[in-house]
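Peer 1: First, the structure itself, so that you have it in front of you.
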Amino acid sequence: MRDEPILKISSLDKFRGKTQVLHGIDLELYAGERLALLGHNGAGKSTLIKSVLGLINAEGGTISICGARPGTGAARVATAFLPEAVSFHPALTGFEQLKTFARLSGEKPDIAALLQRVGLGEAMHRRIGAYSKGMRQRLGLAQVLLGRPKLALLDEPTSGLDPISRQDLYAIIDELAAQGTAVLIASHALTEVEARTDRIAIMRKGSKVADDTLAGLSAQAGLPVKLRLRASGDQADRIALETGGRRINGASVEILCTPQDKMAELRRIAALGDAVVDIDMVPPRLDDLYRHYSNEELN
Ligand SMILES: Nc1ncnc2c1ncn2[C@@H]1O[C@H](COP(=O)(O)OP(=O)(O)O)[C@@H](O)[C@H]1O
Ligand SMILES: [Mg+2]
């Protein structure tokens with residue numbers, strides 16, 4: 001049987017004035033799991049995170065962090081948070097900031113090594129006031145790593161990072177998950193989370209509209225899989241005709257089919273024998289799925 005979740009959110013409702021901004025959210029997150037929480041701006045991702053942190057009170061539902069309520073001492077010890085815009089005292093150096101943080105949290109880490117780890121080795125003795133947004137994010141990540149939290153909440157951690165530092169970021173997220181931390185990554189940028197998370201939850205106007213693995217979401221959405229065939233010699237036209245596919249550049253034919261029909265389609269293609277020299281299968285991308293789940297009109 002699976003262990004208890006690190007984070008368990010049940011039927012969470014939140015109002016801002018008369019507007020309901022969270023609608024009965026249920027969400028569970030387990031040790032070592034990496035969850036992408038996706039949604040357009042205003043979907044409610046930050047509100048959900050602030051509720052988990054106990055920074056705001058929800059009007060309905062419950063949240064448990066390792067069995068503790070948000071904002072309690074036990075929940076705070078278990079949780080690390082990387083806010084959307086990380087702010088530190090500008091006069092401190094990165095090294096000083098981490099040292100102060102380590103003292104407060106009772107840890108005795110190798111601070112220089114930690115700063116090296118997040119790519120701030122060169123800059124660690126410079127004032128934070130001179131750091132770029134990406135560098136402040138890295139310093140924030142160093143703090144998250146230092147705390148060895150049970151739960152890490154990262155709100156738009158890639159905003160302000162260039163593509164290479166995104167790779168660094170995801171390497172650090174993997175490291176957190178490998179040490180058993182449950183990691184929630186809120187993001188409105190999609191493509192980068194595709195390969196990097198275990199599960200994807202999608203929010204739309206305060207409701208959770210999807211929550212599954214990428215493969216699971218694909219199957220539920222029923223979006224077409226693309227089969228791309230390369231024909232031998234001058235067979236492309238004939239193959240397109242026989243399969244109902246579309247001729248694309250050179251000797252290729254593209255067929256769209258539902259996930260359910262995929263195996264039958266593959267068998268039909270195999271029966272074409274030597275006329276087909278190669279085949280690529282292109283599953284729907286997270287972009288397509290995201291569009292499907294975040295925009296579709298729900299009853
Ligand atoms: N401090 C606030 N006061 C009033 N409304 C807010 C506040 N913060 C967020 N909201 C509203 O709550 C909704 C969800 O916002 P938010 O959680 O920030 O979304 P996301 O992080 O997904 O972009 C939006 O409609 C937003 O306008
Ligand atoms: Mg937000």
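Residue numbers start at 1 in each chain; chains themselves are named A, B, ... in the order of the structure tokens; ligands are numbered from 1 in the order shown.
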Would you list the residues that come within 9 Å of ligand 1? Count only C-alpha atoms and all ligand atoms and give the answer as number ranges by chain.
Peer 2: A: 14-17, 19-22, 37-50, 84, 155-156, 186-188, 203-206
Peer 1: Just the residues within 12 Å of A:Val209, please, counting only C-alpha atoms, with nothing from its chain fewer than 5 positions along; format it as an mmCIF file with C-alpha atoms, in the first residue's frame.
Peer 2:
data_model
loop_
_atom_site.group_PDB
_atom_site.id
_atom_site.type_symbol
_atom_site.label_atom_id
_atom_site.label_comp_id
_atom_site.auth_asym_id
_atom_site.auth_seq_id
_atom_site.Cartn_x
_atom_site.Cartn_y
_atom_site.Cartn_z
ATOM 1 C CA LEU A 22 -10.729 28.150 -5.699
ATOM 2 C CA HIS A 23 -13.493 25.624 -6.293
ATOM 3 C CA GLY A 24 -13.385 22.394 -4.282
ATOM 4 C CA ILE A 25 -9.753 21.586 -4.999
ATOM 5 C CA ASP A 26 -8.581 18.052 -4.170
ATOM 6 C CA LEU A 27 -4.890 17.354 -4.520
ATOM 7 C CA LEU A 37 0.623 22.613 -11.425
ATOM 8 C CA LEU A 38 -0.314 24.291 -14.681
ATOM 9 C CA GLY A 39 -2.788 27.007 -15.538
ATOM 10 C CA ALA A 43 -6.145 30.264 -12.604
ATOM 11 C CA ILE A 200 0.494 17.154 -14.204
ATOM 12 C CA ALA A 201 -2.435 18.954 -12.595
ATOM 13 C CA ILE A 202 -4.171 21.615 -14.660
ATOM 14 C CA MET A 203 -6.179 24.452 -13.151
ATOM 15 C CA ARG A 204 -8.703 26.533 -14.976
ATOM 16 C CA LEU A 217 -3.898 12.847 -19.796
ATOM 17 C CA GLN A 220 -8.306 10.723 -21.475
ATOM 18 C CA ALA A 221 -8.200 13.638 -23.884
ATOM 19 C CA LEU A 289 -3.221 18.710 -23.990
ATOM 20 C CA TYR A 290 -2.971 21.940 -22.076
ATOM 21 C CA ARG A 291 -5.037 23.725 -24.697
ATOM 22 C CA HIS A 292 -7.557 20.915 -24.554
ATOM 23 C CA TYR A 293 -7.948 20.947 -20.765
ATOM 24 C CA SER A 294 -7.503 24.625 -19.957
ATOM 25 C CA ASN A 295 -9.786 26.036 -22.659
ATOM 26 C CA GLU A 296 -12.438 23.453 -23.169
ATOM 27 C CA GLU A 297 -15.917 24.591 -22.121
ATOM 28 C CA LEU A 298 -16.920 22.478 -19.184
ATOM 29 C CA ASN A 299 -20.521 22.075 -18.131
#
Peer 1: Which residue out of A:Gly67, A:Pro83, A:Gly273, A:Pro5 has the minimum interatomic distance to ligand 2 when only C-alpha atoms and all ligand atoms are used?
Peer 2: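 Using only C-alpha atoms and all ligand atoms, ligand 2 sits closest to A:Pro83.
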Peer 1: Identify, on the basis of only C-alpha atoms, every residue whose closest approach to stretch 235-249 of chain A does not exceed 9 Å; exclude the query and any residue fewer than 5 positions from it along the same chain; express the result as a PyMOL selection string.
Peer 2: chain A and resi 229-230+254-256+265+268-269+272+275-276
Peer 1: Output N, CA, C and O atoms for every residue in that selection, as a PDB file, in the first residue's frame.
Peer 2:
ATOM      1  N   LEU A 229       4.930   8.007 -41.758  1.00  0.00           N
ATOM      2  CA  LEU A 229       5.558   6.905 -42.497  1.00  0.00           C
ATOM      3  C   LEU A 229       6.483   7.446 -43.563  1.00  0.00           C
ATOM      4  O   LEU A 229       6.197   8.466 -44.183  1.00  0.00           O
ATOM      5  N   ARG A 230       7.565   6.723 -43.779  1.00  0.00           N
ATOM      6  CA  ARG A 230       8.398   7.043 -44.927  1.00  0.00           C
ATOM      7  C   ARG A 230       8.235   5.903 -45.938  1.00  0.00           C
ATOM      8  O   ARG A 230       8.398   4.736 -45.597  1.00  0.00           O
ATOM      9  N   GLU A 254       1.467  11.166 -43.500  1.00  0.00           N
ATOM     10  CA  GLU A 254       1.098  11.349 -42.099  1.00  0.00           C
ATOM     11  C   GLU A 254      -0.335  10.888 -41.885  1.00  0.00           C
ATOM     12  O   GLU A 254      -1.235  11.260 -42.619  1.00  0.00           O
ATOM     13  N   ILE A 255      -0.498  10.076 -40.827  1.00  0.00           N
ATOM     14  CA  ILE A 255      -1.829   9.554 -40.505  1.00  0.00           C
ATOM     15  C   ILE A 255      -2.178   9.989 -39.088  1.00  0.00           C
ATOM     16  O   ILE A 255      -1.351   9.860 -38.178  1.00  0.00           O
ATOM     17  N   LEU A 256      -3.373  10.504 -38.895  1.00  0.00           N
ATOM     18  CA  LEU A 256      -3.833  10.820 -37.549  1.00  0.00           C
ATOM     19  C   LEU A 256      -4.750   9.700 -37.089  1.00  0.00           C
ATOM     20  O   LEU A 256      -5.628   9.269 -37.824  1.00  0.00           O
ATOM     21  N   GLU A 265      -4.120   0.394 -36.493  1.00  0.00           N
ATOM     22  CA  GLU A 265      -3.502   1.161 -37.580  1.00  0.00           C
ATOM     23  C   GLU A 265      -2.081   0.654 -37.844  1.00  0.00           C
ATOM     24  O   GLU A 265      -1.668   0.465 -38.994  1.00  0.00           O
ATOM     25  N   ARG A 268      -2.151  -2.514 -39.758  1.00  0.00           N
ATOM     26  CA  ARG A 268      -2.483  -2.273 -41.156  1.00  0.00           C
ATOM     27  C   ARG A 268      -1.232  -1.783 -41.913  1.00  0.00           C
ATOM     28  O   ARG A 268      -0.965  -2.181 -43.039  1.00  0.00           O
ATOM     29  N   ILE A 269      -0.468  -0.923 -41.244  1.00  0.00           N
ATOM     30  CA  ILE A 269       0.741  -0.393 -41.881  1.00  0.00           C
ATOM     31  C   ILE A 269       1.780  -1.500 -42.068  1.00  0.00           C
ATOM     32  O   ILE A 269       2.433  -1.603 -43.106  1.00  0.00           O
ATOM     33  N   LEU A 272       1.574  -3.489 -45.130  1.00  0.00           N
ATOM     34  CA  LEU A 272       2.001  -2.876 -46.396  1.00  0.00           C
ATOM     35  C   LEU A 272       3.404  -3.341 -46.801  1.00  0.00           C
ATOM     36  O   LEU A 272       3.869  -3.055 -47.894  1.00  0.00           O
ATOM     37  N   ALA A 275       6.856  -1.491 -48.733  1.00  0.00           N
ATOM     38  CA  ALA A 275       6.499  -0.147 -49.213  1.00  0.00           C
ATOM     39  C   ALA A 275       6.738   0.912 -48.137  1.00  0.00           C
ATOM     40  O   ALA A 275       6.935   2.081 -48.437  1.00  0.00           O
ATOM     41  N   VAL A 276       6.754   0.481 -46.885  1.00  0.00           N
ATOM     42  CA  VAL A 276       7.020   1.412 -45.783  1.00  0.00           C
ATOM     43  C   VAL A 276       8.408   1.117 -45.230  1.00  0.00           C
ATOM     44  O   VAL A 276       8.681   0.003 -44.798  1.00  0.00           O
TER      45      VAL A 276
END
Peer 1: May I have all residues of stretch 135-230 of chain A that DSSP, computed from the backbone, assigns to alpha helix (DSSP H), given as a VMD selection string?
Peer 2: chain A and resid 135 to 146 163 to 178 214 to 221
Peer 1: Pick out the residues sitting within 10 Å of A:Phe101, and hand them over as a list of chain:residue names; count only C-alpha atoms, and ignore anything fewer than 6 positions along from it in its own chain.
Peer 2: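 Skipping anything fewer than 6 positions along the chain leaves A:Phe95, A:Glu107, A:Gln143, A:Leu146, A:Gly147.
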Peer 1: For A:Ser64, which of A:Ser51, A:Thr197, A:Ser207, A:Gln97 is the closest residue, counting only C-alpha atoms?
Peer 2: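 Using only C-alpha atoms, the shortest distance to A:Ser64 belongs to A:Ser51.
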Peer 1: Name the residues of stretch 185-266 of chain A that fall into strand (DSSP E) according to DSSP on the backbone, using the chain letters and numbers of this document, as a ChimeraX atom specification.
Peer 2: /A:185-187,199-204,207-212,225-231,246-248,252-257
Peer 1: Could the residues in this selection be saved with C-alpha atoms as an mmCIF file, in the first residue's frame?
Peer 2:
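Just written: selection07.cif:
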data_model
loop_
_atom_site.group_PDB
_atom_site.id
_atom_site.type_symbol
_atom_site.label_atom_id
_atom_site.label_comp_id
_atom_site.auth_asym_id
_atom_site.auth_seq_id
_atom_site.Cartn_x
_atom_site.Cartn_y
_atom_site.Cartn_z
ATOM 1 C CA ILE A 185 6.089 23.328 -9.450
ATOM 2 C CA ALA A 186 3.524 25.942 -10.436
ATOM 3 C CA SER A 187 3.983 27.204 -13.963
ATOM 4 C CA ARG A 199 2.288 14.156 -12.769
ATOM 5 C CA ILE A 200 0.494 17.154 -14.204
ATOM 6 C CA ALA A 201 -2.435 18.954 -12.595
ATOM 7 C CA ILE A 202 -4.171 21.615 -14.660
ATOM 8 C CA MET A 203 -6.179 24.452 -13.151
ATOM 9 C CA ARG A 204 -8.703 26.533 -14.976
ATOM 10 C CA SER A 207 -10.994 24.502 -10.618
ATOM 11 C CA LYS A 208 -8.726 21.534 -11.122
ATOM 12 C CA VAL A 209 -9.671 20.166 -14.529
ATOM 13 C CA ALA A 210 -7.047 17.442 -14.922
ATOM 14 C CA ASP A 211 -4.597 15.518 -12.772
ATOM 15 C CA ASP A 212 -2.668 12.591 -14.193
ATOM 16 C CA VAL A 225 -1.545 10.352 -32.287
ATOM 17 C CA LYS A 226 0.412 11.143 -35.429
ATOM 18 C CA LEU A 227 1.962 8.280 -37.368
ATOM 19 C CA ARG A 228 4.551 9.430 -39.861
ATOM 20 C CA LEU A 229 5.558 6.905 -42.497
ATOM 21 C CA ARG A 230 8.398 7.043 -44.927
ATOM 22 C CA ALA A 231 7.591 5.295 -48.182
ATOM 23 C CA ARG A 246 -1.822 12.903 -46.011
ATOM 24 C CA ARG A 247 1.232 13.273 -48.247
ATOM 25 C CA ILE A 248 3.845 15.481 -46.628
ATOM 26 C CA SER A 252 6.365 10.806 -46.217
ATOM 27 C CA VAL A 253 2.761 10.196 -45.289
ATOM 28 C CA GLU A 254 1.098 11.349 -42.099
ATOM 29 C CA ILE A 255 -1.829 9.554 -40.505
ATOM 30 C CA LEU A 256 -3.833 10.820 -37.549
ATOM 31 C CA CYS A 257 -5.456 8.200 -35.378
#
Peer 1: Would you compute the distance between atom CA of A:Thr258 and atom CA of A:Ala219? Give it in Å to one decimal.
Peer 2: 9.0 Å
Peer 1: Rank A:Glu96, A:Ala85, A:Ala130, A:Gly106 by their smallest atom-to-atom distance to ligand 2, using only C-alpha atoms and all ligand atoms, and report the top residue only.
Peer 2: A:Ala85
